[in-house]
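**Q** Sharing entry-v1.pdb here; it has PDB, C-alpha atoms.
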```pdb
ATOM      1  CA  MET A   1      -9.783  14.223 -20.218
ATOM      2  CA  SER A   2      -7.575  17.290 -20.133
ATOM      3  CA  SER A   3      -6.751  20.073 -22.562
ATOM      4  CA  SER A   4      -3.101  20.103 -21.488
ATOM      5  CA  PRO A   5      -0.542  18.140 -23.490
ATOM      6  CA  ARG A   6      -0.640  14.413 -22.875
ATOM      7  CA  PRO A   7       2.291  13.193 -20.848
ATOM      8  CA  ASP A   8       4.675  10.664 -22.305
ATOM      9  CA  TRP A   9       3.806   7.855 -19.908
ATOM     10  CA  ALA A  10       6.629   5.707 -21.297
ATOM     11  CA  VAL A  11       9.234   8.058 -19.813
ATOM     12  CA  LEU A  12       7.420   8.740 -16.540
ATOM     13  CA  HIS A  13       7.813   6.416 -13.572
ATOM     14  CA  HIS A  14       5.581   5.235 -10.773
ATOM     15  CA  ALA A  15       6.376   2.884  -7.890
ATOM     16  CA  TYR A  16       6.756  -0.115 -10.197
ATOM     17  CA  GLY A  17       8.644   1.364 -13.128
ATOM     18  CA  ARG A  18       7.495   3.006 -16.337
ATOM     19  CA  ALA A  19       3.970   4.418 -16.141
ATOM     20  CA  GLU A  20       2.759   3.101 -19.498
ATOM     21  CA  ASP A  21      -0.168   1.345 -17.786
ATOM     22  CA  VAL A  22      -1.584   4.559 -16.318
ATOM     23  CA  PRO A  23      -3.705   5.738 -19.288
ATOM     24  CA  GLY A  24      -5.559   2.420 -19.388
ATOM     25  CA  ARG A  25      -6.116   2.541 -15.623
ATOM     26  CA  LEU A  26      -7.460   6.083 -15.854
ATOM     27  CA  ALA A  27      -9.775   5.103 -18.707
ATOM     28  CA  ALA A  28     -11.089   2.150 -16.688
ATOM     29  CA  LEU A  29     -12.249   4.556 -13.958
ATOM     30  CA  SER A  30     -15.019   5.794 -16.241
ATOM     31  CA  GLY A  31     -16.020   2.354 -17.467
ATOM     32  CA  ALA A  32     -19.209   0.448 -16.699
ATOM     33  CA  ASP A  33     -17.485  -2.598 -15.192
ATOM     34  CA  PRO A  34     -17.212  -2.161 -11.403
ATOM     35  CA  VAL A  35     -14.578  -4.908 -11.152
ATOM     36  CA  ALA A  36     -12.363  -3.160 -13.716
ATOM     37  CA  ARG A  37     -12.888   0.174 -11.937
ATOM     38  CA  GLY A  38     -11.903  -1.380  -8.627
ATOM     39  CA  ALA A  39      -8.803  -2.941 -10.146
ATOM     40  CA  ALA A  40      -7.864   0.404 -11.698
ATOM     41  CA  VAL A  41      -8.256   2.247  -8.382
ATOM     42  CA  SER A  42      -6.186  -0.383  -6.623
ATOM     43  CA  ALA A  43      -3.457  -0.309  -9.263
ATOM     44  CA  LEU A  44      -3.312   3.483  -9.345
ATOM     45  CA  SER A  45      -3.327   3.734  -5.561
ATOM     46  CA  SER A  46      -0.400   1.388  -5.247
ATOM     47  CA  SER A  47       1.582   2.851  -8.126
ATOM     48  CA  VAL A  48       1.178   6.645  -8.084
ATOM     49  CA  CYS A  49       0.836   7.123  -4.325
ATOM     50  CA  HIS A  50       2.459   3.976  -3.026
ATOM     51  CA  GLN A  51       2.310   4.080   0.774
ATOM     52  CA  GLY A  52       2.041   7.855   0.591
ATOM     53  CA  THR A  53       5.025   8.309  -1.715
ATOM     54  CA  ARG A  54       4.324  10.144  -4.937
ATOM     55  CA  TRP A  55       6.340   9.546  -8.106
ATOM     56  CA  PRO A  56       7.027  11.508 -11.316
ATOM     57  CA  ALA A  57       3.798  10.147 -12.847
ATOM     58  CA  SER A  58       1.696  11.242  -9.869
ATOM     59  CA  ALA A  59       1.401  14.902 -10.808
ATOM     60  CA  HIS A  60       0.240  13.871 -14.280
ATOM     61  CA  VAL A  61      -2.747  11.854 -13.049
ATOM     62  CA  VAL A  62      -4.215  14.867 -11.242
ATOM     63  CA  ALA A  63      -5.844  16.559 -14.257
ATOM     64  CA  PRO A  64      -7.460  13.350 -15.562
ATOM     65  CA  LEU A  65      -8.778  12.536 -12.083
ATOM     66  CA  VAL A  66     -10.214  16.042 -11.730
ATOM     67  CA  ALA A  67     -11.845  15.695 -15.149
ATOM     68  CA  LEU A  68     -13.444  12.431 -14.029
ATOM     69  CA  VAL A  69     -14.853  13.978 -10.859
ATOM     70  CA  ASP A  70     -16.028  17.010 -12.865
ATOM     71  CA  THR A  71     -18.040  14.642 -15.078
ATOM     72  CA  PRO A  72     -21.330  13.760 -13.355
ATOM     73  CA  ALA A  73     -21.680  10.548 -15.382
ATOM     74  CA  THR A  74     -18.431   9.135 -13.968
ATOM     75  CA  PRO A  75     -19.288   6.073 -11.896
ATOM     76  CA  ASP A  76     -18.214   6.084  -8.248
ATOM     77  CA  ARG A  77     -16.969   9.670  -8.175
ATOM     78  CA  PRO A  78     -16.360   9.491  -4.396
ATOM     79  CA  THR A  79     -13.729   6.804  -4.982
ATOM     80  CA  VAL A  80     -12.090   8.867  -7.724
ATOM     81  CA  VAL A  81     -11.914  11.965  -5.523
ATOM     82  CA  HIS A  82     -10.539   9.827  -2.691
ATOM     83  CA  LEU A  83      -7.752   8.697  -5.039
ATOM     84  CA  LEU A  84      -7.156  12.310  -6.080
ATOM     85  CA  HIS A  85      -6.899  13.290  -2.409
ATOM     86  CA  ALA A  86      -4.279  10.570  -1.863
ATOM     87  CA  VAL A  87      -2.258  11.710  -4.874
ATOM     88  CA  ALA A  88      -2.457  15.406  -3.971
ATOM     89  CA  LEU A  89      -1.829  15.110  -0.237
ATOM     90  CA  GLY A  90      -0.331  11.694   0.339
ATOM     91  CA  GLU A  91      -1.079  10.264   3.739
ATOM     92  CA  LEU A  92      -1.620  13.571   5.525
ATOM     93  CA  ARG A  93      -4.262  13.129   8.192
ATOM     94  CA  ASP A  94      -7.064  15.663   8.503
ATOM     95  CA  ASP A  95      -5.713  16.815  11.874
ATOM     96  CA  VAL A  96      -2.531  18.145  10.232
ATOM     97  CA  LEU A  97      -4.437  20.132   7.604
ATOM     98  CA  PRO A  98      -4.012  22.833   6.606
ATOM     99  CA  PHE A  99      -0.254  22.737   6.316
ATOM    100  CA  GLU A 100       2.358  25.173   5.052
ATOM    101  CA  PRO A 101       3.439  23.978   1.595
ATOM    102  CA  GLY A 102       6.467  26.272   1.566
ATOM    103  CA  ARG A 103       7.796  24.703   4.750
ATOM    104  CA  VAL A 104       6.751  21.112   4.001
ATOM    105  CA  PHE A 105       8.154  21.181   0.474
ATOM    106  CA  ALA A 106      11.307  23.232   1.184
ATOM    107  CA  ALA A 107      13.588  20.253   0.529
ATOM    108  CA  ALA A 108      12.224  20.027  -3.016
ATOM    109  CA  GLU A 109      13.825  23.353  -3.897
ATOM    110  CA  ARG A 110      17.326  21.880  -3.756
ATOM    111  CA  VAL A 111      16.528  19.003  -6.136
ATOM    112  CA  GLY A 112      17.729  19.259  -9.703
ATOM    113  CA  PRO A 113      16.910  17.131 -12.749
ATOM    114  CA  SER A 114      20.171  15.231 -12.366
ATOM    115  CA  ASP A 115      19.226  14.263  -8.789
ATOM    116  CA  GLU A 116      15.878  12.897  -9.926
ATOM    117  CA  ALA A 117      17.492  11.051 -12.832
ATOM    118  CA  ALA A 118      20.057   9.488 -10.486
ATOM    119  CA  VAL A 119      17.360   8.247  -8.094
ATOM    120  CA  LEU A 120      15.276   6.794 -10.941
ATOM    121  CA  ARG A 121      18.360   5.134 -12.438
ATOM    122  CA  VAL A 122      19.212   3.454  -9.128
ATOM    123  CA  LEU A 123      15.617   2.385  -8.534
ATOM    124  CA  PHE A 124      14.747   1.117 -11.988
ATOM    125  CA  GLU A 125      17.688   0.814 -14.345
ATOM    126  CA  ASP A 126      20.856  -0.300 -12.579
ATOM    127  CA  ASP A 127      21.513  -4.039 -12.754
ATOM    128  CA  ASP A 128      23.269  -3.945  -9.393
ATOM    129  CA  PRO A 129      21.773  -0.871  -7.681
ATOM    130  CA  ASP A 130      23.579   0.807  -4.805
ATOM    131  CA  PRO A 131      20.988   2.966  -2.997
ATOM    132  CA  GLY A 132      23.812   4.528  -0.999
ATOM    133  CA  THR A 133      24.878   6.488  -4.077
ATOM    134  CA  VAL A 134      21.671   8.553  -3.922
ATOM    135  CA  ALA A 135      20.892   8.390  -0.216
ATOM    136  CA  ASP A 136      21.757  12.054   0.294
ATOM    137  CA  VAL A 137      19.156  13.234  -2.249
ATOM    138  CA  ALA A 138      16.530  10.464  -2.307
ATOM    139  CA  ASP A 139      14.341  11.966   0.413
ATOM    140  CA  ALA A 140      14.476  15.408  -1.187
ATOM    141  CA  VAL A 141      13.550  13.880  -4.554
ATOM    142  CA  ALA A 142      10.527  12.203  -2.942
ATOM    143  CA  VAL A 143       9.548  15.584  -1.468
ATOM    144  CA  ARG A 144       9.856  17.085  -4.971
ATOM    145  CA  TRP A 145       7.454  14.479  -6.373
ATOM    146  CA  ALA A 146       5.009  15.192  -3.542
ATOM    147  CA  ALA A 147       5.300  18.932  -4.164
ATOM    148  CA  ASP A 148       4.697  18.446  -7.891
ATOM    149  CA  ALA A 149       1.522  16.436  -7.199
ATOM    150  CA  TYR A 150       0.322  18.989  -4.665
ATOM    151  CA  ARG A 151       0.941  21.891  -7.059
ATOM    152  CA  ALA A 152      -0.790  20.020  -9.887
ATOM    153  CA  ALA A 153      -3.851  19.673  -7.651
ATOM    154  CA  GLU A 154      -3.612  23.275  -6.511
ATOM    155  CA  ARG A 155      -4.230  24.394 -10.106
ATOM    156  CA  HIS A 156      -7.690  22.791  -9.891
ATOM    157  CA  THR A 157      -8.971  24.806  -6.938
ATOM    158  CA  PRO A 158     -11.961  26.113  -8.979
ATOM    159  CA  SER A 159     -13.179  22.537  -9.461
ATOM    160  CA  PHE A 160     -12.736  21.775  -5.767
ATOM    161  CA  MET A 161     -14.825  24.847  -4.955
ATOM    162  CA  THR A 162     -17.693  23.570  -7.103
ATOM    163  CA  TRP A 163     -17.464  20.133  -5.503
ATOM    164  CA  LEU A 164     -18.292  21.658  -2.128
ATOM    165  CA  GLN A 165     -21.883  21.779  -3.404
ATOM    166  CA  ASP A 166     -21.803  18.269  -4.853
ATOM    167  CA  PRO A 167     -24.850  16.097  -4.114
ATOM    168  CA  GLU A 168     -22.464  13.277  -3.140
ATOM    169  CA  PRO A 169     -21.453  14.035   0.485
ATOM    170  CA  ALA A 170     -18.163  12.127   0.093
ATOM    171  CA  VAL A 171     -17.183  14.293  -2.887
ATOM    172  CA  ALA A 172     -18.005  17.482  -0.971
ATOM    173  CA  ALA A 173     -16.050  16.299   2.078
ATOM    174  CA  ARG A 174     -12.931  15.461   0.061
ATOM    175  CA  ALA A 175     -13.227  18.792  -1.740
ATOM    176  CA  ALA A 176     -13.097  20.526   1.629
ATOM    177  CA  ALA A 177      -9.995  18.550   2.582
ATOM    178  CA  LEU A 178      -8.340  19.391  -0.728
ATOM    179  CA  LEU A 179      -9.092  23.060  -0.218
ATOM    180  CA  ALA A 180      -7.676  23.044   3.300
TER     181      ALA A 180
END
```
In structure tokens, write the structure found in this file.
**A**
Amino acid sequence: MSSSPRPDWAVLHHAYGRAEDVPGRLAALSGADPVARGAAVSALSSSVCHQGTRWPASAHVVAPLVALVDTPATPDRPTVVHLLHAVALGELRDDVLPFEPGRVFAAAERVGPSDEAAVLRVLFEDDDPDPGTVADVADAVAVRWAADAYRAAERHTPSFMTWLQDPEPAVAARAAALLA
């Protein structure tokens, strides 16, 4: 789906732990079975943009989702671009677009790899987790994951521009929102 290196899904996390299930979910989006596609959309929605929160795996689903929308034979492209919109922008409503990424993502600049590792350890690895140990950086880490997903989508602006002319009105509308 993408010419960039494949991520190591076993080391990436989503809302429910390791993201090893993501490649299969992405592959199901191009399949003929509408039930499997629906299950994949549901699973991806709840795992890589769970209630608006993005995760380390979120930025890595952007390129495959763009590739799916770029492929005219992909079934239900409007649903795929809707998922992409959720990953790239979270739960931002249209009335707050456009927004200033520099201002919105400022907290991400103070997050280091050790901060992210500490949050992931507390969330997924500690037998007796104490969220208080990462409370001072957890929100900033979540902003970093959102910024990473946004920036991953930003690299696909040329595709979004072509989607403005898409024969599917829902694809064109989401493209406009992504460009805003």
**Q** Fewer than 4 positions away in the same chain doesn't count, so skip those; otherwise give me all residues within 12 Å of Arg93 in chain A, counting all atoms listed in the file, as a PyMOL selection string.
**A** chain A and resi 52+85-86+89+97-99+177-178+180
**Q** At what distance in Å, to one decimal, does CA of Arg54 in chain A lie from CA of Val11 in chain A?
**A**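 Answer for the CA of Val11 in chain A to CA of Arg54 in chain A separation: 15.8 Å.
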**Q** Run the PyMOL selection byres ((chain A and resi 31-39) around 12) mentally over the shown coordinates, then write out the matched residues as number ranges by chain, using the chain letters and numbers from the document.
**A** A: 24-30, 40-46, 68, 73-77, 79-80, 83
**Q** Quick one: everything within 8 Å of Ala88 in chain A, counting only C-alpha atoms, minus sequence neighbours fewer than 2 positions away in the same chain. Send it as number ranges by chain.
**A** A: 59, 62, 84-86, 90, 146, 149-153, 178
**Q** Quick check, in Å to one decimal: how far apart do CA of Glu116 in chain A and CA of His156 in chain A lie?
**A**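 Going from CA of Glu116 in chain A over to CA of His156 in chain A, I get 25.6 Å.
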**Q** Which is closest to Ser114 in chain A among A:Met161, A:Glu91, A:Ala135, A:Val141, if we use all atoms listed in the file?
**A**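 For Ser114 in chain A, the nearest of the given residues is A:Val141.
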**Q** Could you give me, as a PyMOL selection string, the residues within 12 Å of Pro167 in chain A, counting only C-alpha atoms and dropping anything in the same chain fewer than 4 positions from it?
**A** chain A and resi 72+77-78+162-163+171-173
**Q** When distances are computed from only C-alpha atoms, which of A:Asp95, A:Cys49, A:Ala140, A:Ser159 shows the smallest separation from Pro113 in chain A?
**A**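 Looking only at the distances to Pro113 in chain A, the closest residue turns out to be A:Ala140.
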**Q** On this structure, which residues satisfy the PyMOL selection byres ((chain A and resi 133) around 12), written as number ranges by chain?
**A** A: 115, 118-123, 126, 128-132, 134-138
**Q** Measure the distance from CA of Val96 in chain A to CA of Ala147 in chain A in Å and round it to one decimal.
**A**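 Computed distance, CA of Val96 in chain A to CA of Ala147 in chain A, equals 16.4 Å.
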**Q** Nearest residue to Asp8 in chain A out of A:Val22, A:Val87, A:Ala106, A:Ala170, using all atoms listed in the file?
**A** A:Val22
**Q** How would you write, as a PDB file with C-alpha atoms, in the coordinates of the input, the residues chosen by the PyMOL selection byres ((chain A and resi 17) around 9) on this structure?
**A**
```pdb
ATOM      1  CA  LEU A  12       7.420   8.740 -16.540  1.00  0.00           C
ATOM      2  CA  HIS A  13       7.813   6.416 -13.572  1.00  0.00           C
ATOM      3  CA  HIS A  14       5.581   5.235 -10.773  1.00  0.00           C
ATOM      4  CA  ALA A  15       6.376   2.884  -7.890  1.00  0.00           C
ATOM      5  CA  TYR A  16       6.756  -0.115 -10.197  1.00  0.00           C
ATOM      6  CA  ARG A  18       7.495   3.006 -16.337  1.00  0.00           C
ATOM      7  CA  ALA A  19       3.970   4.418 -16.141  1.00  0.00           C
ATOM      8  CA  GLU A  20       2.759   3.101 -19.498  1.00  0.00           C
ATOM      9  CA  SER A  47       1.582   2.851  -8.126  1.00  0.00           C
ATOM     10  CA  LEU A 120      15.276   6.794 -10.941  1.00  0.00           C
ATOM     11  CA  LEU A 123      15.617   2.385  -8.534  1.00  0.00           C
ATOM     12  CA  PHE A 124      14.747   1.117 -11.988  1.00  0.00           C
TER      13      PHE A 124
END
```
**Q** For each of A:Pro169, A:Leu164, A:Arg103, A:Thr157, take the minimum atom-to-atom distance to Val66 in chain A, counting all atoms listed in the file, then give the residue where this is smallest.
**A**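 Closest residue, counting all atoms listed in the file: A:Thr157.
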